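Everything below belongs to work-v2.txt, which stores compact mmCIF, C-alpha atoms.
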```txt
# COMPACT_ATOMS: atom_id res chain seq x y z
CA MET A 718 95.10 90.17 95.81
CA ILE A 719 97.16 93.21 94.95
CA ALA A 720 98.35 92.98 91.35
CA GLY A 721 99.80 95.22 88.68
CA GLY A 722 102.93 95.89 86.70
CA PHE A 723 106.55 95.98 87.76
CA GLY A 724 107.31 98.81 90.19
CA VAL A 725 103.72 99.98 90.62
CA GLY A 726 103.69 99.85 94.43
CA LYS A 727 102.24 96.44 95.33
CA THR A 728 104.87 95.71 98.01
CA THR A 729 104.46 99.21 99.40
CA MET A 730 100.68 98.87 99.60
CA VAL A 731 100.82 95.54 101.43
CA ALA A 732 103.41 96.92 103.88
CA THR A 733 101.41 100.10 104.46
CA VAL A 734 98.13 98.41 105.34
CA SER A 735 99.23 95.15 107.00
CA GLU A 736 98.83 94.99 110.77
CA THR A 737 101.73 92.54 110.97
CA LYS A 738 105.20 92.76 109.55
CA PRO A 739 104.61 91.68 105.96
CA LEU A 740 106.27 88.68 104.41
CA ARG A 741 108.31 89.86 101.44
CA THR A 742 110.06 87.82 98.81
CA GLU A 743 112.10 90.61 97.32
CA GLU A 744 115.44 90.12 95.67
CA VAL A 745 117.93 92.65 94.36
CA LEU A 746 117.76 93.31 90.64
CA THR A 747 120.94 92.04 89.03
CA ASP A 748 122.62 92.37 85.67
CA GLU A 749 120.79 89.15 84.70
CA SER A 750 117.54 91.13 84.49
CA VAL A 751 118.94 93.61 81.94
CA GLY A 752 116.96 93.16 78.75
CA VAL A 753 114.42 91.00 80.60
CA ASP A 754 112.82 93.53 82.96
CA ASP A 755 111.72 96.87 81.54
CA ILE A 756 112.63 99.47 84.15
CA SER A 757 111.75 102.52 82.07
CA GLY A 758 109.82 104.88 84.30
CA VAL A 759 111.06 103.12 87.44
CA GLU A 760 114.82 103.42 86.94
CA LYS A 761 115.49 103.84 90.68
CA LYS A 762 113.91 100.47 91.53
CA ARG A 763 116.54 98.14 93.00
CA THR A 764 114.50 95.12 94.15
CA THR A 765 111.71 92.96 92.81
CA THR A 766 109.15 90.56 94.26
CA VAL A 767 109.89 87.01 93.09
CA ALA A 768 107.02 85.08 94.69
CA MET A 769 104.58 87.24 96.66
CA ASP A 770 104.09 89.71 99.45
CA PHE A 771 101.80 88.73 102.30
CA GLY A 772 100.08 90.77 104.97
CA ARG A 773 96.88 90.71 106.98
CA ILE A 774 94.22 92.92 108.49
CA THR A 775 91.89 91.84 111.30
CA MET A 776 88.48 93.41 110.87
CA ARG A 777 86.97 91.66 113.90
CA ASP A 778 88.02 88.51 115.69
CA GLU A 779 86.13 86.41 113.18
CA TYR A 780 87.08 88.41 110.05
CA VAL A 781 90.65 88.49 108.80
CA VAL A 782 91.62 89.80 105.38
CA TYR A 783 94.75 88.24 103.91
CA LEU A 784 96.64 90.37 101.41
CA PHE A 785 98.68 88.77 98.67
CA GLY A 786 100.83 91.00 96.47
CA THR A 787 101.75 89.39 93.18
CA PRO A 788 105.05 89.67 91.32
CA GLY A 789 104.86 92.16 88.47
CA GLN A 790 107.18 90.66 85.86
CA GLU A 791 105.91 88.16 83.33
CA ARG A 792 108.59 85.63 84.25
CA PHE A 793 106.98 85.24 87.70
CA TRP A 794 103.32 85.11 86.60
CA PHE A 795 103.17 81.36 87.18
CA MET A 796 102.76 82.30 90.87
CA TRP A 797 99.46 84.06 90.22
CA ASP A 798 97.35 80.92 89.92
CA GLU A 799 98.53 79.71 93.33
CA VAL A 800 98.14 83.10 95.01
CA SER A 801 94.69 83.71 93.52
CA LEU A 802 93.09 80.49 94.80
CA GLY A 803 90.15 81.56 96.93
CA ALA A 804 90.61 85.26 96.28
CA LEU A 805 87.43 87.23 96.88
CA GLY A 806 88.66 90.15 94.82
CA ALA A 807 91.66 92.04 93.54
CA VAL A 808 93.16 95.49 93.35
CA VAL A 809 94.94 96.24 90.09
CA LEU A 810 97.45 98.97 90.88
CA ALA A 811 98.19 101.22 87.93
CA ASP A 812 100.88 103.79 87.22
CA THR A 813 100.03 106.42 84.59
CA ARG A 814 103.69 106.48 83.51
CA ARG A 815 103.35 102.80 82.50
CA LEU A 816 99.60 102.28 82.17
CA SER A 817 99.89 99.41 79.70
CA ASP A 818 101.68 97.36 82.37
CA CYS A 819 98.37 96.70 84.12
CA PHE A 820 96.66 95.15 81.04
CA PRO A 821 97.82 91.61 81.95
CA SER A 822 96.34 91.99 85.44
CA VAL A 823 93.04 93.29 84.09
CA ASP A 824 92.90 90.46 81.55
CA TYR A 825 93.75 87.85 84.20
CA PHE A 826 90.94 88.87 86.55
CA GLU A 827 88.42 89.34 83.74
CA ARG A 828 89.14 85.81 82.45
CA ARG A 829 88.79 84.32 85.94
CA GLY A 830 85.66 86.31 86.77
CA THR A 831 87.35 87.76 89.85
CA PRO A 832 85.85 91.10 90.92
CA PHE A 833 88.53 93.79 90.76
CA ILE A 834 89.01 97.51 91.00
CA VAL A 835 91.74 99.67 89.50
CA ALA A 836 93.63 101.94 91.88
CA VAL A 837 95.91 104.47 90.22
CA ASN A 838 98.94 104.95 92.46
CA CYS A 839 99.77 108.66 92.32
CA PHE A 840 103.52 108.96 91.91
CA GLU A 841 105.23 112.32 92.29
CA GLY A 842 105.85 113.89 88.90
CA ALA A 843 103.51 111.53 87.05
CA ARG A 844 100.91 113.12 84.84
CA GLN A 845 97.42 113.11 86.36
CA TYR A 846 94.49 111.95 84.25
CA ASP A 847 90.76 112.04 84.74
CA LEU A 848 89.48 108.69 86.02
CA ALA A 849 87.13 108.40 83.03
CA GLU A 850 90.17 108.73 80.72
CA ILE A 851 91.93 105.91 82.57
CA GLN A 852 88.83 103.72 82.44
CA LEU A 853 88.61 104.32 78.68
CA ALA A 854 92.35 103.75 78.12
CA LEU A 855 92.13 100.41 79.94
CA ASN A 856 88.94 99.46 78.08
CA LEU A 857 87.12 98.80 81.35
CA GLY A 858 83.39 98.39 81.58
CA PRO A 859 81.44 100.92 83.61
CA SER A 860 81.03 98.43 86.46
CA VAL A 861 84.78 98.36 87.21
CA PRO A 862 85.60 101.05 89.77
CA VAL A 863 88.65 103.22 89.14
CA MET A 864 90.10 105.36 91.90
CA LEU A 865 93.22 107.28 92.88
CA CYS A 866 95.42 106.16 95.75
CA ASP A 867 98.77 106.63 97.41
CA ALA A 868 100.23 103.26 98.36
CA ARG A 869 102.33 104.96 101.06
CA ARG A 870 99.32 106.30 102.97
CA LEU A 871 97.32 104.06 105.30
CA ASP A 872 94.06 105.98 104.87
CA SER A 873 94.33 105.73 101.09
CA CYS A 874 95.08 101.99 101.12
CA LYS A 875 92.25 101.33 103.56
CA GLN A 876 89.80 103.16 101.29
CA VAL A 877 90.95 101.09 98.29
CA LEU A 878 90.36 97.87 100.23
CA ILE A 879 86.97 99.03 101.52
CA ASP A 880 85.91 99.86 97.96
CA LEU A 881 87.19 96.47 96.79
CA VAL A 882 85.22 94.57 99.43
CA LEU A 883 82.04 96.52 98.64
CA HIS A 884 82.55 95.98 94.90
CA ALA A 885 83.16 92.24 95.39
CA MET A 886 80.03 91.96 97.54
CA LYS A 887 77.98 93.77 94.91
CA ALA A 888 79.44 91.61 92.11
CA ARG A 889 78.39 88.51 94.04
CA GLY A 890 74.92 89.89 94.73
CA LEU A 891 75.59 90.39 98.43
CA ALA A 892 75.22 94.20 98.46
CA GLN A 893 73.07 96.71 96.64
CA GLU A 894 74.92 99.98 97.23
CA GLU A 895 77.80 101.56 95.39
CA PRO A 896 81.13 101.82 97.26
CA GLN A 897 81.32 104.95 99.42
CA ASN A 898 84.06 106.64 101.38
CA ALA A 899 84.31 105.38 104.93
```

What would you get if you wrote out this structure as structure tokens?
Amino acid sequence: MIAGGFGVGKTTMVATVSETKPLRTEEVLTDESVGVDDISGVEKKRTTTVAMDFGRITMRDEYVVYLFGTPGQERFWFMWDEVSLGALGAVVLADTRRLSDCFPSVDYFERRGTPFIVAVNCFEGARQYDLAEIQLALNLGPSVPVMLCDARRLDSCKQVLIDLVLHAMKARGLAQEEPQNA
């Protein structure tokens, strides 16, 4: 799963890394969302995911990773339970301009016991923070990996997903090593 707040880059990440044309359920933001959706920090955003994004990556013939991007707004969170069924792990995308927007995602995966990592999507003009500061601000335990990424770059998205798989394997007792760059 790829989760996080509104406008954090979930749709972009799925589109960047998927080997197939991703399924998108985006709709244009309308006047109806004024006062409902907080667009501060993402004022140029014109569309929103209303159900999910879906993509896939074939590792080998017998291994296929399905990517599900969740909707970011609270009014669409009812979709998360359906999308998360069978999830092996999750990426919580974070934006330092709106860091508090990823708290619901962190809480959701902690409550469900789903292994997750936090990937800070580096937006142009956004203030950069030390990863330890972000981990502290999000009140994450030391076992939750935090990393930087650029959801527009394939190599960056691939590294996030590699780290997620390694973290999920370790959390399930299937691997002993810490995630490393590949």

Item to check | Near-stretch 862-878 of chain A list (7 Å; only C-alpha atoms; drop same-chain fewer than 5 positions) as a list in words | outcome: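 Neighbouring residues, sequence-local ones excluded: Gly726, Thr729, Met730, Thr733, Val734, Ile834, Val835, Ala836, Val837, Asn838, Cys839, Leu848, Gln852, Asn898 and Ala899 of chain A.
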
Listed atoms of stretch 855-874 of chain A boxed along x, y and z, 8 Å each side, centre and edge lengths in Å, one decimal, as AutoDock Vina command-line options:
```
--center_x 91.7 --center_y 102.8 --center_z 91.7 --size_x 37.3 --size_y 24.9 --size_z 43.2
```

Checklist entry - Could you work out how far atom CA of A:Gly806 lies from atom CA of A:Gln845, giving the answer in Å with one decimal? => result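 About the pair atom CA of A:Gln845 and atom CA of A:Gly806: they are 26.0 Å apart.
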
Item to check | Shell around A:Thr831 at 12 Å using all atoms listed in the file, local window under 4 positions removed, as JSON, numbers by chain | outcome: {"A": [718, 801, 802, 803, 804, 805, 806, 807, 808, 809, 822, 823, 824, 825, 826, 827, 861, 881, 882, 884, 885, 886, 888, 889]}

Checklist outcome for this item: Taken to one decimal, the atom CA of A:Val731-atom CA of A:Arg773 distance is 8.3 Å
